[in-house]
$ cat data_12.cif   # mmCIF, C-alpha atoms
data_upload
#
loop_
_atom_site.label_atom_id
_atom_site.label_comp_id
_atom_site.auth_asym_id
_atom_site.auth_seq_id
_atom_site.Cartn_x
_atom_site.Cartn_y
_atom_site.Cartn_z
CA THR K 1251 51.07 49.33 9.39
CA SER K 1252 51.40 51.22 12.67
CA LYS K 1253 48.15 53.02 11.87
CA ILE K 1254 46.42 49.69 11.40
CA THR K 1255 47.77 48.21 14.65
CA LEU K 1256 46.68 51.27 16.62
CA ALA K 1257 43.19 51.34 15.06
CA THR K 1258 41.12 49.53 17.64
CA PRO K 1259 37.94 51.67 17.76
CA ARG K 1260 35.29 50.90 15.23
CA ARG K 1261 35.37 54.39 13.69
CA ASN K 1262 39.11 54.21 12.99
CA ILE K 1263 38.75 50.86 11.25
CA LEU K 1264 35.89 52.19 9.11
CA ARG K 1265 38.05 55.19 8.16
CA LEU K 1266 40.98 52.92 7.20
CA HIS K 1267 38.60 50.78 5.15
CA LYS K 1268 37.34 53.88 3.34
CA ASP K 1269 40.92 54.96 2.64
CA GLY K 1270 41.65 51.54 1.17
CA LEU K 1271 44.26 50.47 3.72
CA ILE K 1272 42.04 47.69 5.00
CA ILE K 1273 40.23 45.33 2.60
CA LYS K 1274 37.21 43.33 3.72
CA LYS K 1275 37.63 39.65 2.89
CA PRO K 1276 34.75 38.13 0.91
CA THR K 1277 32.46 35.72 2.73
CA VAL K 1278 33.47 32.10 2.29
CA VAL K 1279 31.05 30.23 0.03
CA HIS K 1280 30.03 26.73 1.06
CA SER K 1281 28.44 25.60 -2.17
CA ARG K 1282 25.83 22.81 -2.18
CA ALA K 1283 26.01 22.41 -5.95
CA ARG K 1284 27.87 19.09 -5.71
CA VAL K 1285 25.38 17.81 -3.11
CA ALA K 1286 22.45 18.77 -5.34
CA LEU K 1287 24.08 16.99 -8.28
CA ARG K 1288 24.64 13.85 -6.22
CA ASN K 1289 21.09 13.88 -4.89
CA GLU K 1290 19.82 14.20 -8.47
CA ALA K 1291 21.85 11.11 -9.40
CA LYS K 1292 20.54 9.28 -6.31
CA ARG K 1293 16.99 10.02 -7.42
CA LYS K 1294 17.85 8.17 -10.64
CA GLY K 1295 19.10 5.27 -8.53
CA ARG K 1296 22.87 5.83 -8.72
CA HIS K 1297 25.19 5.42 -5.71
CA THR K 1298 22.75 3.10 -3.93
CA GLY K 1299 24.45 -0.27 -4.43
CA ILE K 1300 25.28 -2.77 -1.71
CA GLY K 1301 28.61 -1.05 -0.99
CA LYS K 1302 26.91 2.25 -0.23
CA ARG K 1303 24.43 0.85 2.31
CA ARG K 1304 25.10 1.40 5.99
CA GLY K 1305 21.81 0.43 7.65
CA THR K 1306 19.91 -2.86 7.55
CA ALA K 1307 17.11 -3.28 5.03
CA ASN K 1308 14.65 -2.76 7.87
CA ALA K 1309 16.37 0.49 8.89
CA ARG K 1310 16.34 1.79 5.32
CA LEU K 1311 12.67 0.96 4.66
CA PRO K 1312 10.94 -0.54 7.71
CA PHE K 1313 8.89 -3.71 7.28
CA LYS K 1314 6.17 -2.04 9.27
CA VAL K 1315 5.88 0.78 6.72
CA LEU K 1316 5.58 -1.80 3.92
CA TRP K 1317 2.94 -3.69 5.93
CA MET K 1318 0.98 -0.50 6.61
CA ARG K 1319 0.99 0.43 2.92
CA ARG K 1320 -0.14 -3.03 1.89
CA ILE K 1321 -2.87 -3.46 4.50
CA ARG K 1322 -4.26 0.01 3.76
CA VAL K 1323 -4.47 -0.81 0.04
CA LEU K 1324 -6.24 -4.12 0.75
CA ARG K 1325 -8.67 -2.63 3.27
CA ARG K 1326 -9.46 0.27 0.94
CA LEU K 1327 -10.26 -2.21 -1.85
CA LEU K 1328 -12.46 -4.31 0.44
CA LYS K 1329 -14.40 -1.25 1.61
CA LYS K 1330 -14.86 -0.06 -1.97
CA MET K 1331 -16.15 -3.47 -3.10
CA ARG K 1332 -18.50 -3.74 -0.11
CA ASP K 1333 -19.92 -0.26 -0.76
CA ALA K 1334 -20.37 -1.13 -4.46
CA LYS K 1335 -22.28 -4.29 -3.34
CA LYS K 1336 -19.78 -6.53 -5.15
CA ILE K 1337 -19.24 -8.45 -1.92
CA ASP K 1338 -21.64 -8.85 1.01
CA LYS K 1339 -20.76 -7.98 4.59
CA HIS K 1340 -20.02 -11.60 5.54
CA MET K 1341 -17.53 -12.08 2.70
CA TYR K 1342 -16.07 -8.65 3.54
CA HIS K 1343 -15.52 -9.66 7.16
CA ASN K 1344 -13.89 -12.98 6.26
CA LEU K 1345 -11.58 -11.34 3.70
CA TYR K 1346 -10.78 -8.53 6.14
CA LEU K 1347 -9.61 -11.05 8.74
CA LEU K 1348 -7.68 -13.04 6.11
CA SER K 1349 -5.90 -9.90 4.91
CA LYS K 1350 -5.07 -9.03 8.52
CA GLY K 1351 -3.63 -12.52 8.86
CA ASN K 1352 -1.21 -11.92 5.96
CA GLN K 1353 -3.03 -14.19 3.48
CA PHE K 1354 -2.83 -11.80 0.53
CA LYS K 1355 0.53 -10.69 -0.83
CA ASN K 1356 -0.94 -7.79 -2.81
CA LYS K 1357 -4.09 -6.32 -4.32
CA ARG K 1358 -4.05 -8.61 -7.36
CA VAL K 1359 -4.03 -11.74 -5.20
CA LEU K 1360 -6.94 -10.40 -3.14
CA VAL K 1361 -8.98 -9.62 -6.27
CA GLU K 1362 -8.30 -13.14 -7.57
CA ALA K 1363 -9.42 -14.61 -4.24
CA ILE K 1364 -12.64 -12.56 -4.38
CA HIS K 1365 -13.38 -13.77 -7.94
CA LYS K 1366 -12.72 -17.36 -6.88
CA LEU K 1367 -15.02 -17.08 -3.85
CA LYS K 1368 -17.79 -15.54 -5.96
CA ALA K 1369 -17.42 -18.26 -8.62
CA ASP K 1370 -17.54 -20.95 -5.93
CA ARG K 1371 -20.68 -19.39 -4.50
CA VAL K 1372 -22.37 -19.33 -7.92
CA LYS K 1373 -21.35 -22.95 -8.54
CA GLU K 1374 -22.70 -23.99 -5.12
CA LYS K 1375 -25.99 -22.22 -5.83
CA ALA K 1376 -26.32 -23.97 -9.21
CA LEU K 1377 -25.59 -27.35 -7.62
CA ALA K 1378 -28.15 -26.72 -4.88
CA GLU K 1379 -30.77 -25.81 -7.50
CA GLN K 1380 -29.98 -28.97 -9.48
CA ALA K 1381 -30.25 -31.08 -6.33
CA GLU K 1382 -33.56 -29.44 -5.46
CA ALA K 1383 -34.88 -30.08 -8.99
CA ARG K 1384 -33.77 -33.72 -8.73
CA LYS K 1385 -35.55 -34.07 -5.39
CA ALA K 1386 -38.70 -32.46 -6.81
CA ARG K 1387 -38.65 -34.88 -9.76
CA ALA K 1388 -38.21 -37.82 -7.39
CA ARG K 1389 -41.10 -36.61 -5.22
CA ALA K 1390 -43.29 -36.20 -8.27
CA LYS K 1391 -42.36 -39.70 -9.45
CA THR K 1392 -43.18 -41.24 -6.07
CA ALA K 1393 -46.45 -39.29 -5.98
CA ARG K 1394 -47.39 -40.58 -9.46
CA LYS K 1395 -46.46 -44.11 -8.47
CA ALA K 1396 -48.53 -43.86 -5.28
CA ALA K 1397 -51.47 -42.50 -7.28
CA LYS K 1398 -51.12 -45.34 -9.81
CA ASP K 1399 -50.99 -47.94 -7.02
CA ALA K 1400 -54.01 -46.34 -5.36
CA ALA K 1401 -55.91 -46.42 -8.67
CA GLN K 1402 -55.03 -50.09 -9.20
CA SER K 1403 -56.05 -51.08 -5.68
CA SER K 1404 -59.38 -49.25 -5.97
CA SER K 1405 -60.19 -50.95 -9.32
CA ASP K 1406 -59.47 -54.41 -7.84
#
$ encode --input "data_12.cif" --output "structure tokens"
Amino acid sequence: TSKITLATPRRNILRLHKDGLIIKKPTVVHSRARVALRNEAKRKGRHTGIGKRRGTANARLPFKVLWMRRIRVLRRLLKKMRDAKKIDKHMYHNLYLLSKGNQFKNKRVLVEAIHKLKADRVKEKALAEQAEARKARARAKTARKAAKDAAQSSSD
């Protein structure tokens, strides 16, 4: 032991190590195996109950992030439909503003709204055509009546 206590220079310690009087301790292992296992379980949804939550719902998944995801999906759909000529630029603009104003909960609701608007537009067009046809018939009837009256007055 006296040899060991006197061995302060590096060379002496190396010599004692070679002789076997000094043994190098192994490096301490700080294993992450348990952490990896737990993270694997968390990916499956374990250990995430109410008792394990520390932050607010907004801190865990911000409302803003949810909003950004949703609005990007809606705007992407609107652009795609406009480019495919399924909706015109006026309908696009109205729906864009409505989606910005939080009118559509998700993509499905927006698609339903688009179908409804298009159906309403078709119905309006059909009604306008019917009204125009009715007016044309009425005009023709009045023209015939006027012609008949004119014919009667000329014969008298």
$ atom_distance --input "data_12.cif" --atom1 "atom CA of Leu1324 of chain K" --atom2 "atom CA of Asn1352 of chain K"
10.6 Å
$ atom_distance --input "data_12.cif" --atom1 "atom CA of Ile1254 of chain K" --atom2 "atom CA of Lys1274 of chain K"
13.6 Å
$ closest_residue --input "data_12.cif" --among "K:Ala1307, K:Leu1345, K:Lys1314, K:Arg1296" --to "Glu1362 of chain K" --atoms "only C-alpha atoms"
K:Leu1345
$ residues_around --input "data_12.cif" --residues "segment 1326-1332 of chain K" --least-positions-apart "2" --cutoff "10 Å" --atoms "all atoms listed in the file" --output "mmCIF file with C-alpha atoms, keeping the file's coordinate frame"
data_model
loop_
_atom_site.group_PDB
_atom_site.id
_atom_site.type_symbol
_atom_site.label_atom_id
_atom_site.label_comp_id
_atom_site.auth_asym_id
_atom_site.auth_seq_id
_atom_site.Cartn_x
_atom_site.Cartn_y
_atom_site.Cartn_z
ATOM 1 C CA ARG K 1320 -0.140 -3.030 1.890
ATOM 2 C CA ILE K 1321 -2.870 -3.460 4.500
ATOM 3 C CA ARG K 1322 -4.260 0.010 3.760
ATOM 4 C CA VAL K 1323 -4.470 -0.810 0.040
ATOM 5 C CA LEU K 1324 -6.240 -4.120 0.750
ATOM 6 C CA ALA K 1334 -20.370 -1.130 -4.460
ATOM 7 C CA LYS K 1335 -22.280 -4.290 -3.340
ATOM 8 C CA LYS K 1336 -19.780 -6.530 -5.150
ATOM 9 C CA ILE K 1337 -19.240 -8.450 -1.920
ATOM 10 C CA ASP K 1338 -21.640 -8.850 1.010
ATOM 11 C CA LYS K 1339 -20.760 -7.980 4.590
ATOM 12 C CA HIS K 1340 -20.020 -11.600 5.540
ATOM 13 C CA MET K 1341 -17.530 -12.080 2.700
ATOM 14 C CA TYR K 1342 -16.070 -8.650 3.540
ATOM 15 C CA HIS K 1343 -15.520 -9.660 7.160
ATOM 16 C CA LEU K 1345 -11.580 -11.340 3.700
ATOM 17 C CA TYR K 1346 -10.780 -8.530 6.140
ATOM 18 C CA SER K 1349 -5.900 -9.900 4.910
ATOM 19 C CA LYS K 1357 -4.090 -6.320 -4.320
ATOM 20 C CA LEU K 1360 -6.940 -10.400 -3.140
ATOM 21 C CA VAL K 1361 -8.980 -9.620 -6.270
ATOM 22 C CA ILE K 1364 -12.640 -12.560 -4.380
#
$ atom_distance --input "data_12.cif" --atom1 "atom CA of Val1359 of chain K" --atom2 "atom CA of Lys1373 of chain K"
20.9 Å
$ axis_aligned_box --input "data_12.cif" --around "segment 1382-1394 of chain K" --padding-each-side "8 Å" --output "JSON"
{"center_x": -40.5, "center_y": -35.3, "center_z": -7.5, "size_x": 29.8, "size_y": 27.8, "size_z": 20.5}
$ residues_around --input "data_12.cif" --residues "Ile1273 of chain K" --least-positions-apart "6" --cutoff "12 Å" --atoms "all atoms listed in the file" --output "list of chain:residue names"
K:Ile1254, K:Ile1263, K:Leu1264, K:Arg1265, K:Leu1266, K:His1267
$ decode --input "data_12.cif" --residues "segment 1290-1316 of chain K" --atoms "N, CA, C and O atoms" --output "PDB file, in the first residue's frame"
ATOM      1  N   GLU K1290     -41.965   3.820 -25.563  1.00  0.00           N
ATOM      2  CA  GLU K1290     -42.675   2.894 -26.458  1.00  0.00           C
ATOM      3  C   GLU K1290     -44.119   2.709 -25.993  1.00  0.00           C
ATOM      4  O   GLU K1290     -45.055   2.745 -26.791  1.00  0.00           O
ATOM      5  N   ALA K1291     -44.282   2.556 -24.660  1.00  0.00           N
ATOM      6  CA  ALA K1291     -45.626   2.403 -24.088  1.00  0.00           C
ATOM      7  C   ALA K1291     -46.428   3.693 -24.274  1.00  0.00           C
ATOM      8  O   ALA K1291     -47.617   3.648 -24.571  1.00  0.00           O
ATOM      9  N   LYS K1292     -45.750   4.844 -24.115  1.00  0.00           N
ATOM     10  CA  LYS K1292     -46.432   6.134 -24.271  1.00  0.00           C
ATOM     11  C   LYS K1292     -46.914   6.325 -25.702  1.00  0.00           C
ATOM     12  O   LYS K1292     -47.972   6.922 -25.928  1.00  0.00           O
ATOM     13  N   ARG K1293     -46.137   5.800 -26.668  1.00  0.00           N
ATOM     14  CA  ARG K1293     -46.561   5.885 -28.058  1.00  0.00           C
ATOM     15  C   ARG K1293     -47.855   5.114 -28.272  1.00  0.00           C
ATOM     16  O   ARG K1293     -48.667   5.467 -29.123  1.00  0.00           O
ATOM     17  N   LYS K1294     -48.034   4.053 -27.482  1.00  0.00           N
ATOM     18  CA  LYS K1294     -49.277   3.265 -27.564  1.00  0.00           C
ATOM     19  C   LYS K1294     -50.402   3.910 -26.781  1.00  0.00           C
ATOM     20  O   LYS K1294     -51.527   3.429 -26.794  1.00  0.00           O
ATOM     21  N   GLY K1295     -50.070   4.985 -26.033  1.00  0.00           N
ATOM     22  CA  GLY K1295     -51.105   5.707 -25.301  1.00  0.00           C
ATOM     23  C   GLY K1295     -51.170   5.388 -23.821  1.00  0.00           C
ATOM     24  O   GLY K1295     -52.094   5.816 -23.136  1.00  0.00           O
ATOM     25  N   ARG K1296     -50.207   4.632 -23.306  1.00  0.00           N
ATOM     26  CA  ARG K1296     -50.186   4.324 -21.867  1.00  0.00           C
ATOM     27  C   ARG K1296     -49.572   5.497 -21.097  1.00  0.00           C
ATOM     28  O   ARG K1296     -48.868   6.314 -21.670  1.00  0.00           O
ATOM     29  N   HIS K1297     -49.829   5.546 -19.828  1.00  0.00           N
ATOM     30  CA  HIS K1297     -49.250   6.553 -18.907  1.00  0.00           C
ATOM     31  C   HIS K1297     -49.595   7.982 -19.316  1.00  0.00           C
ATOM     32  O   HIS K1297     -48.790   8.892 -19.133  1.00  0.00           O
ATOM     33  N   THR K1298     -50.753   8.193 -19.931  1.00  0.00           N
ATOM     34  CA  THR K1298     -51.096   9.549 -20.356  1.00  0.00           C
ATOM     35  C   THR K1298     -52.465   9.967 -19.807  1.00  0.00           C
ATOM     36  O   THR K1298     -53.105  10.849 -20.368  1.00  0.00           O
ATOM     37  N   GLY K1299     -52.890   9.310 -18.741  1.00  0.00           N
ATOM     38  CA  GLY K1299     -54.195   9.627 -18.152  1.00  0.00           C
ATOM     39  C   GLY K1299     -54.191  10.970 -17.456  1.00  0.00           C
ATOM     40  O   GLY K1299     -53.179  11.668 -17.401  1.00  0.00           O
ATOM     41  N   ILE K1300     -55.329  11.325 -16.889  1.00  0.00           N
ATOM     42  CA  ILE K1300     -55.492  12.635 -16.242  1.00  0.00           C
ATOM     43  C   ILE K1300     -54.476  12.822 -15.118  1.00  0.00           C
ATOM     44  O   ILE K1300     -53.933  13.910 -14.938  1.00  0.00           O
ATOM     45  N   GLY K1301     -54.181  11.758 -14.382  1.00  0.00           N
ATOM     46  CA  GLY K1301     -53.238  11.853 -13.263  1.00  0.00           C
ATOM     47  C   GLY K1301     -51.806  12.106 -13.667  1.00  0.00           C
ATOM     48  O   GLY K1301     -50.980  12.512 -12.848  1.00  0.00           O
ATOM     49  N   LYS K1302     -51.485  11.854 -14.930  1.00  0.00           N
ATOM     50  CA  LYS K1302     -50.104  12.027 -15.400  1.00  0.00           C
ATOM     51  C   LYS K1302     -49.896  13.386 -16.074  1.00  0.00           C
ATOM     52  O   LYS K1302     -48.796  13.695 -16.502  1.00  0.00           O
ATOM     53  N   ARG K1303     -50.950  14.180 -16.186  1.00  0.00           N
ATOM     54  CA  ARG K1303     -50.847  15.450 -16.911  1.00  0.00           C
ATOM     55  C   ARG K1303     -50.460  16.579 -15.977  1.00  0.00           C
ATOM     56  O   ARG K1303     -51.062  16.734 -14.921  1.00  0.00           O
ATOM     57  N   ARG K1304     -49.473  17.352 -16.408  1.00  0.00           N
ATOM     58  CA  ARG K1304     -48.988  18.467 -15.577  1.00  0.00           C
ATOM     59  C   ARG K1304     -49.407  19.819 -16.166  1.00  0.00           C
ATOM     60  O   ARG K1304     -49.724  20.743 -15.441  1.00  0.00           O
ATOM     61  N   GLY K1305     -49.383  19.919 -17.488  1.00  0.00           N
ATOM     62  CA  GLY K1305     -49.728  21.184 -18.135  1.00  0.00           C
ATOM     63  C   GLY K1305     -51.199  21.243 -18.498  1.00  0.00           C
ATOM     64  O   GLY K1305     -51.896  20.231 -18.488  1.00  0.00           O
ATOM     65  N   THR K1306     -51.670  22.443 -18.835  1.00  0.00           N
ATOM     66  CA  THR K1306     -53.053  22.602 -19.294  1.00  0.00           C
ATOM     67  C   THR K1306     -53.179  21.968 -20.676  1.00  0.00           C
ATOM     68  O   THR K1306     -52.169  21.687 -21.332  1.00  0.00           O
ATOM     69  N   ALA K1307     -54.421  21.778 -21.102  1.00  0.00           N
ATOM     70  CA  ALA K1307     -54.660  21.202 -22.428  1.00  0.00           C
ATOM     71  C   ALA K1307     -54.010  22.082 -23.497  1.00  0.00           C
ATOM     72  O   ALA K1307     -53.431  21.576 -24.463  1.00  0.00           O
ATOM     73  N   ASN K1308     -54.078  23.395 -23.287  1.00  0.00           N
ATOM     74  CA  ASN K1308     -53.498  24.326 -24.255  1.00  0.00           C
ATOM     75  C   ASN K1308     -51.973  24.236 -24.274  1.00  0.00           C
ATOM     76  O   ASN K1308     -51.346  24.423 -25.316  1.00  0.00           O
ATOM     77  N   ALA K1309     -51.373  23.935 -23.126  1.00  0.00           N
ATOM     78  CA  ALA K1309     -49.908  23.807 -23.068  1.00  0.00           C
ATOM     79  C   ALA K1309     -49.462  22.505 -23.726  1.00  0.00           C
ATOM     80  O   ALA K1309     -48.409  22.446 -24.346  1.00  0.00           O
ATOM     81  N   ARG K1310     -50.295  21.468 -23.592  1.00  0.00           N
ATOM     82  CA  ARG K1310     -49.930  20.161 -24.151  1.00  0.00           C
ATOM     83  C   ARG K1310     -50.084  20.116 -25.663  1.00  0.00           C
ATOM     84  O   ARG K1310     -49.260  19.546 -26.366  1.00  0.00           O
ATOM     85  N   LEU K1311     -51.168  20.699 -26.176  1.00  0.00           N
ATOM     86  CA  LEU K1311     -51.378  20.822 -27.621  1.00  0.00           C
ATOM     87  C   LEU K1311     -52.102  22.142 -27.854  1.00  0.00           C
ATOM     88  O   LEU K1311     -53.323  22.228 -27.694  1.00  0.00           O
ATOM     89  N   PRO K1312     -51.359  23.191 -28.216  1.00  0.00           N
ATOM     90  CA  PRO K1312     -51.944  24.539 -28.288  1.00  0.00           C
ATOM     91  C   PRO K1312     -53.130  24.636 -29.251  1.00  0.00           C
ATOM     92  O   PRO K1312     -53.133  24.000 -30.301  1.00  0.00           O
ATOM     93  N   PHE K1313     -54.108  25.441 -28.842  1.00  0.00           N
ATOM     94  CA  PHE K1313     -55.289  25.662 -29.675  1.00  0.00           C
ATOM     95  C   PHE K1313     -54.871  26.246 -31.013  1.00  0.00           C
ATOM     96  O   PHE K1313     -55.468  25.961 -32.048  1.00  0.00           O
ATOM     97  N   LYS K1314     -53.850  27.074 -30.961  1.00  0.00           N
ATOM     98  CA  LYS K1314     -53.384  27.737 -32.178  1.00  0.00           C
ATOM     99  C   LYS K1314     -52.881  26.714 -33.195  1.00  0.00           C
ATOM    100  O   LYS K1314     -53.126  26.854 -34.397  1.00  0.00           O
ATOM    101  N   VAL K1315     -52.193  25.688 -32.694  1.00  0.00           N
ATOM    102  CA  VAL K1315     -51.673  24.645 -33.596  1.00  0.00           C
ATOM    103  C   VAL K1315     -52.846  23.913 -34.246  1.00  0.00           C
ATOM    104  O   VAL K1315     -52.843  23.659 -35.464  1.00  0.00           O
ATOM    105  N   LEU K1316     -53.880  23.602 -33.447  1.00  0.00           N
ATOM    106  CA  LEU K1316     -55.071  22.940 -33.977  1.00  0.00           C
ATOM    107  C   LEU K1316     -55.743  23.823 -35.027  1.00  0.00           C
ATOM    108  O   LEU K1316     -56.165  23.347 -36.092  1.00  0.00           O
TER     109      LEU K1316
END
